[in-house]
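S.K.: Have a look at this one before I ask anything.
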Amino acid sequence: MSGLLVLLDDVAVIAKLAAAQLDDVAAQAADAGTKAAGLVIDDAAVTPKYVTGLPAAREVPIVWQIARGSLVNKLVILLPAALLLSRFAPWALTPLLMLGGCYLCFEGAEKVLRSLGGHVQKVVQARPPLDAVKLEKQRVKKAIKTDFILSAEIMAISLGTLAPGTAWYNKAIVLALIAIVMTFAVYGVVGLIVKADDLGVLLARYGRLAFTRSVGRRIVKTVPGVLRILTIVGTAAMLWVGGDILVHGLHDLGVHMPEAVIKQAAQLAAETAPEPVGVIKWGGLIKWTIIALLNGLLGLAVGFTIAQGLGIFKQP
């Protein structure tokens, strides 16, 4: 009988330790997720442009394909890679992230060049037009490639927030939780955005009240503009995040001047801010805006430089 009591006592102790560990994992996941939440906005802004111009019936399937690819990026590729790098080659994480930042800068700069109207040199001159199936596959592939960079930054930020002594299996659990929650948050929002026009049509046609039908028509008219705005925001987000990755990467590698100059400029601008109004703190808002703007401009300059080096500018 005494042996059974001892065993039950040991089980109780183990259960308490497990509960405490789960609480610790949940707290770390919440903290890491908060730090990486800004990139969720960027990801949600970037993705809708990949379904623009494709049949409405294919929008949700395309978003699901991208979401599935995003989960593969995070859980199958990036999570094991992050654990291995943190264990065997922590020094390689920053250079790899900076390469990803350069890719985002190039992608953003290329979008800017195209929006300026024909200033991009075509690599393939006589390319036949793509049919809907091939175009969809191409869009999904490109979206998953861009998602890989953003997902890598999310996982890296999340990994960086964990305590140095965290066990590898706790790291794996935290990163997996963040990967799943972030992916469903991003692509759930994207799915709602791209299907908003269908909701508007439904309300406009079958709404019982005149007000409901009016709201439906307003949604239908507004969605194309919203998607255009999201395309612009997505491009700006790629430049901002890319520039931010490079600035932080240089700082980690011992080159502190870019980050110092940007922070100093932002601080000087924030000092000119008016007094806070209620919950609005103008100084913090101005500081964040200046940092994001300067990071974006740096990203644009880097992207243009890469584009020039690859020879995709049209020569005069």
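Residues are named by chain letter and number: chains run A, B, ... in the order of the structure tokens, numbers start at 1 in each chain, and ligands are numbered from 1 in the order shown.
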Could you pull out all residues of segment 78-297 of chain A with a DSSP call of alpha helix (DSSP H) and give them as a PyMOL selection string?

M.R.: chain A and resi 79-88+93-115+132-161+168-194+196-206+210-252+257-270+282-297

S.K.: At what distance in Å, to one decimal, does atom CA of Ala301 of chain A lie from atom CA of Thr272 of chain A?

M.R.: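 Going from atom CA of Thr272 of chain A over to atom CA of Ala301 of chain A covers 27.5 Å.
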
S.K.: Sorted by chain and rising residue number, which residues of segment 64-182 of chain A lie within 12 Å of segment 288-298 of chain A, and what are their closest atom pairs and distances in Å to one decimal, counting only C-alpha atoms, as a tab-separated table?

M.R.:
```
residue	atom	partner	partner_atom	distance
A:Gly101	CA	A:Leu298	CA	11.2
A:Cys102	CA	A:Leu298	CA	10.7
A:Leu104	CA	A:Gly296	CA	10.8
A:Cys105	CA	A:Gly296	CA	8.6
A:Phe106	CA	A:Leu298	CA	11.5
A:Gly108	CA	A:Gly296	CA	9.5
A:Ala109	CA	A:Leu297	CA	10.1
A:Val112	CA	A:Leu297	CA	12.0
```

S.K.: What are the closest atom pairs, with distances in Å to one decimal, for each residue of segment 114-213 of chain A lying within 10 Å of segment 64-80 of chain A, using only C-alpha atoms, rows by chain and rising residue number, as CSV?

M.R.:
```
residue,atom,partner,partner_atom,distance
A:Lys137,CA,A:Gln65,CA,9.7
A:Arg139,CA,A:Ile66,CA,9.3
A:Val140,CA,A:Ile66,CA,6.0
A:Lys141,CA,A:Ile66,CA,8.1
A:Lys142,CA,A:Ile66,CA,9.4
A:Ala143,CA,A:Ile66,CA,6.6
A:Ile144,CA,A:Ile66,CA,5.8
A:Lys145,CA,A:Asn73,CA,9.0
A:Thr146,CA,A:Ser70,CA,9.6
A:Asp147,CA,A:Ser70,CA,6.3
A:Phe148,CA,A:Asn73,CA,5.9
A:Ile149,CA,A:Asn73,CA,9.3
A:Leu150,CA,A:Ser70,CA,9.7
A:Ser151,CA,A:Lys74,CA,6.3
A:Ala152,CA,A:Leu78,CA,6.5
A:Glu153,CA,A:Leu78,CA,9.9
A:Ile154,CA,A:Lys74,CA,9.1
A:Met155,CA,A:Leu78,CA,7.3
A:Ala156,CA,A:Leu78,CA,9.1
A:Leu159,CA,A:Leu79,CA,9.6
A:Lys171,CA,A:Leu79,CA,9.2
A:Ala172,CA,A:Leu79,CA,7.0
A:Ile173,CA,A:Leu79,CA,9.7
A:Leu175,CA,A:Leu79,CA,6.7
A:Ala176,CA,A:Leu75,CA,6.4
A:Leu177,CA,A:Leu75,CA,9.7
A:Ile178,CA,A:Lys74,CA,9.3
A:Ala179,CA,A:Lys74,CA,5.9
A:Ile180,CA,A:Leu71,CA,7.0
A:Met182,CA,A:Leu71,CA,9.5
A:Thr183,CA,A:Ala67,CA,6.5
A:Phe184,CA,A:Ala67,CA,7.5
A:Val186,CA,A:Ala67,CA,8.5
A:Tyr187,CA,A:Ala67,CA,6.1
A:Gly188,CA,A:Ala67,CA,9.0
A:Val190,CA,A:Ala67,CA,9.9
A:Gly191,CA,A:Trp64,CA,8.4
```

S.K.: Those residues with N, CA, C and O atoms, as a short mmCIF file (atom, residue, chain, number, x, y, z; two decimals), in the first residue's frame please?

M.R.:
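File part.cif, as written:
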```cif
data_model
loop_
_atom_site.label_atom_id
_atom_site.label_comp_id
_atom_site.auth_asym_id
_atom_site.auth_seq_id
_atom_site.Cartn_x
_atom_site.Cartn_y
_atom_site.Cartn_z
N LYS A 137 -0.56 28.05 -61.32
CA LYS A 137 0.59 27.34 -60.76
C LYS A 137 1.76 28.28 -60.55
O LYS A 137 2.47 28.20 -59.53
N ARG A 139 1.62 31.57 -60.07
CA ARG A 139 1.32 32.48 -58.96
C ARG A 139 1.52 31.79 -57.62
O ARG A 139 2.08 32.36 -56.69
N VAL A 140 1.00 30.55 -57.50
CA VAL A 140 1.12 29.81 -56.24
C VAL A 140 2.59 29.57 -55.90
O VAL A 140 3.01 29.76 -54.75
N LYS A 141 3.36 29.18 -56.89
CA LYS A 141 4.79 28.91 -56.67
C LYS A 141 5.51 30.16 -56.20
O LYS A 141 6.32 30.12 -55.26
N LYS A 142 5.20 31.30 -56.83
CA LYS A 142 5.86 32.55 -56.46
C LYS A 142 5.42 33.00 -55.07
O LYS A 142 6.22 33.50 -54.28
N ALA A 143 4.12 32.82 -54.77
CA ALA A 143 3.61 33.20 -53.45
C ALA A 143 4.26 32.39 -52.35
O ALA A 143 4.63 32.92 -51.30
N ILE A 144 4.43 31.09 -52.58
CA ILE A 144 5.05 30.22 -51.58
C ILE A 144 6.52 30.59 -51.40
O ILE A 144 7.06 30.54 -50.29
N LYS A 145 7.17 31.00 -52.50
CA LYS A 145 8.57 31.42 -52.40
C LYS A 145 8.70 32.68 -51.55
O LYS A 145 9.57 32.77 -50.68
N THR A 146 7.80 33.65 -51.79
CA THR A 146 7.82 34.87 -50.98
C THR A 146 7.46 34.57 -49.53
O THR A 146 8.06 35.11 -48.60
N ASP A 147 6.47 33.70 -49.35
CA ASP A 147 6.07 33.30 -48.00
C ASP A 147 7.25 32.67 -47.25
O ASP A 147 7.38 32.85 -46.04
N PHE A 148 8.09 31.95 -47.96
CA PHE A 148 9.23 31.29 -47.31
C PHE A 148 10.12 32.32 -46.62
O PHE A 148 10.57 32.10 -45.49
N ILE A 149 10.36 33.45 -47.29
CA ILE A 149 11.20 34.48 -46.70
C ILE A 149 10.52 35.08 -45.47
O ILE A 149 11.15 35.24 -44.41
N LEU A 150 9.24 35.45 -45.61
CA LEU A 150 8.52 36.03 -44.48
C LEU A 150 8.39 35.02 -43.33
O LEU A 150 8.52 35.38 -42.16
N SER A 151 8.15 33.75 -43.67
CA SER A 151 8.06 32.72 -42.64
C SER A 151 9.39 32.53 -41.94
O SER A 151 9.45 32.31 -40.72
N ALA A 152 10.48 32.60 -42.70
CA ALA A 152 11.81 32.47 -42.10
C ALA A 152 12.05 33.59 -41.09
O ALA A 152 12.61 33.36 -40.00
N GLU A 153 11.60 34.80 -41.42
CA GLU A 153 11.77 35.91 -40.49
C GLU A 153 10.90 35.71 -39.25
O GLU A 153 11.34 35.98 -38.13
N ILE A 154 9.67 35.24 -39.44
CA ILE A 154 8.80 34.96 -38.29
C ILE A 154 9.45 33.93 -37.37
O ILE A 154 9.50 34.10 -36.14
N MET A 155 9.95 32.84 -37.95
CA MET A 155 10.56 31.78 -37.14
C MET A 155 11.84 32.27 -36.47
O MET A 155 12.13 31.91 -35.32
N ALA A 156 12.61 33.10 -37.18
CA ALA A 156 13.85 33.61 -36.60
C ALA A 156 13.58 34.55 -35.44
O ALA A 156 14.24 34.47 -34.39
N LEU A 159 12.40 32.44 -32.58
CA LEU A 159 13.52 31.71 -31.98
C LEU A 159 14.37 32.63 -31.12
O LEU A 159 14.85 32.25 -30.05
N LYS A 171 11.59 24.41 -27.63
CA LYS A 171 11.73 25.29 -28.79
C LYS A 171 10.89 24.78 -29.95
O LYS A 171 10.20 25.56 -30.63
N ALA A 172 10.95 23.47 -30.18
CA ALA A 172 10.19 22.89 -31.29
C ALA A 172 8.69 23.09 -31.09
O ALA A 172 7.97 23.44 -32.04
N ILE A 173 8.22 22.90 -29.86
CA ILE A 173 6.78 23.07 -29.58
C ILE A 173 6.36 24.52 -29.78
O ILE A 173 5.34 24.81 -30.42
N LEU A 175 7.83 26.90 -31.60
CA LEU A 175 7.89 27.28 -33.02
C LEU A 175 6.74 26.64 -33.82
O LEU A 175 6.19 27.27 -34.72
N ALA A 176 6.40 25.40 -33.49
CA ALA A 176 5.29 24.74 -34.18
C ALA A 176 3.97 25.44 -33.89
O ALA A 176 3.15 25.65 -34.81
N LEU A 177 3.75 25.81 -32.63
CA LEU A 177 2.52 26.53 -32.27
C LEU A 177 2.43 27.85 -33.03
O LEU A 177 1.37 28.20 -33.59
N ILE A 178 3.53 28.58 -33.05
CA ILE A 178 3.55 29.87 -33.76
C ILE A 178 3.30 29.67 -35.25
O ILE A 178 2.54 30.41 -35.87
N ALA A 179 3.94 28.66 -35.83
CA ALA A 179 3.78 28.40 -37.26
C ALA A 179 2.31 28.13 -37.61
O ALA A 179 1.78 28.69 -38.57
N ILE A 180 1.66 27.30 -36.82
CA ILE A 180 0.27 26.94 -37.12
C ILE A 180 -0.66 28.13 -36.92
O ILE A 180 -1.49 28.45 -37.79
N MET A 182 0.04 31.41 -36.78
CA MET A 182 0.32 32.49 -37.72
C MET A 182 -0.22 32.17 -39.11
O MET A 182 -0.81 33.02 -39.78
N THR A 183 -0.03 30.94 -39.56
CA THR A 183 -0.48 30.57 -40.90
C THR A 183 -1.99 30.67 -41.03
O THR A 183 -2.50 31.26 -42.00
N PHE A 184 -2.71 30.11 -40.07
CA PHE A 184 -4.17 30.17 -40.16
C PHE A 184 -4.70 31.59 -39.97
O PHE A 184 -5.72 31.97 -40.56
N VAL A 186 -3.08 34.39 -40.92
CA VAL A 186 -2.80 35.13 -42.15
C VAL A 186 -3.75 34.72 -43.26
O VAL A 186 -4.43 35.56 -43.87
N TYR A 187 -3.83 33.43 -43.54
CA TYR A 187 -4.58 33.00 -44.72
C TYR A 187 -6.08 32.94 -44.46
O TYR A 187 -6.86 32.96 -45.42
N GLY A 188 -6.49 32.92 -43.19
CA GLY A 188 -7.90 33.11 -42.89
C GLY A 188 -8.33 34.52 -43.25
O GLY A 188 -9.38 34.72 -43.89
N VAL A 190 -6.77 36.50 -45.37
CA VAL A 190 -6.66 36.63 -46.83
C VAL A 190 -7.89 36.04 -47.52
O VAL A 190 -8.43 36.61 -48.47
N GLY A 191 -8.33 34.87 -47.04
CA GLY A 191 -9.52 34.25 -47.62
C GLY A 191 -10.74 35.15 -47.50
O GLY A 191 -11.54 35.27 -48.44
#
```

S.K.: Rounded to one decimal place, report the atom CA of Val223 of chain A-atom CA of Val194 of chain A distance in Å.

M.R.: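 Going from atom CA of Val223 of chain A over to atom CA of Val194 of chain A, I get 8.3 Å.
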
S.K.: What is the atom CA of Gly254 of chain A-atom CA of Val174 of chain A distance in Å, reported with one decimal?

M.R.: 29.2 Å

S.K.: Select, from A:Ala204, A:Leu285, A:Val255, A:Val233, the residue with the minimum atom-to-atom distance to Arg218 of chain A, counting only C-alpha atoms.

M.R.: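 Closest to Arg218 of chain A of all the choices is A:Ala204.
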
S.K.: What's the 9 Å shell around Val220 of chain A, counting only C-alpha atoms, without same-chain residues fewer than 4 positions away, as a ChimeraX atom specification?

M.R.: /A:196-201,204,215-216,224
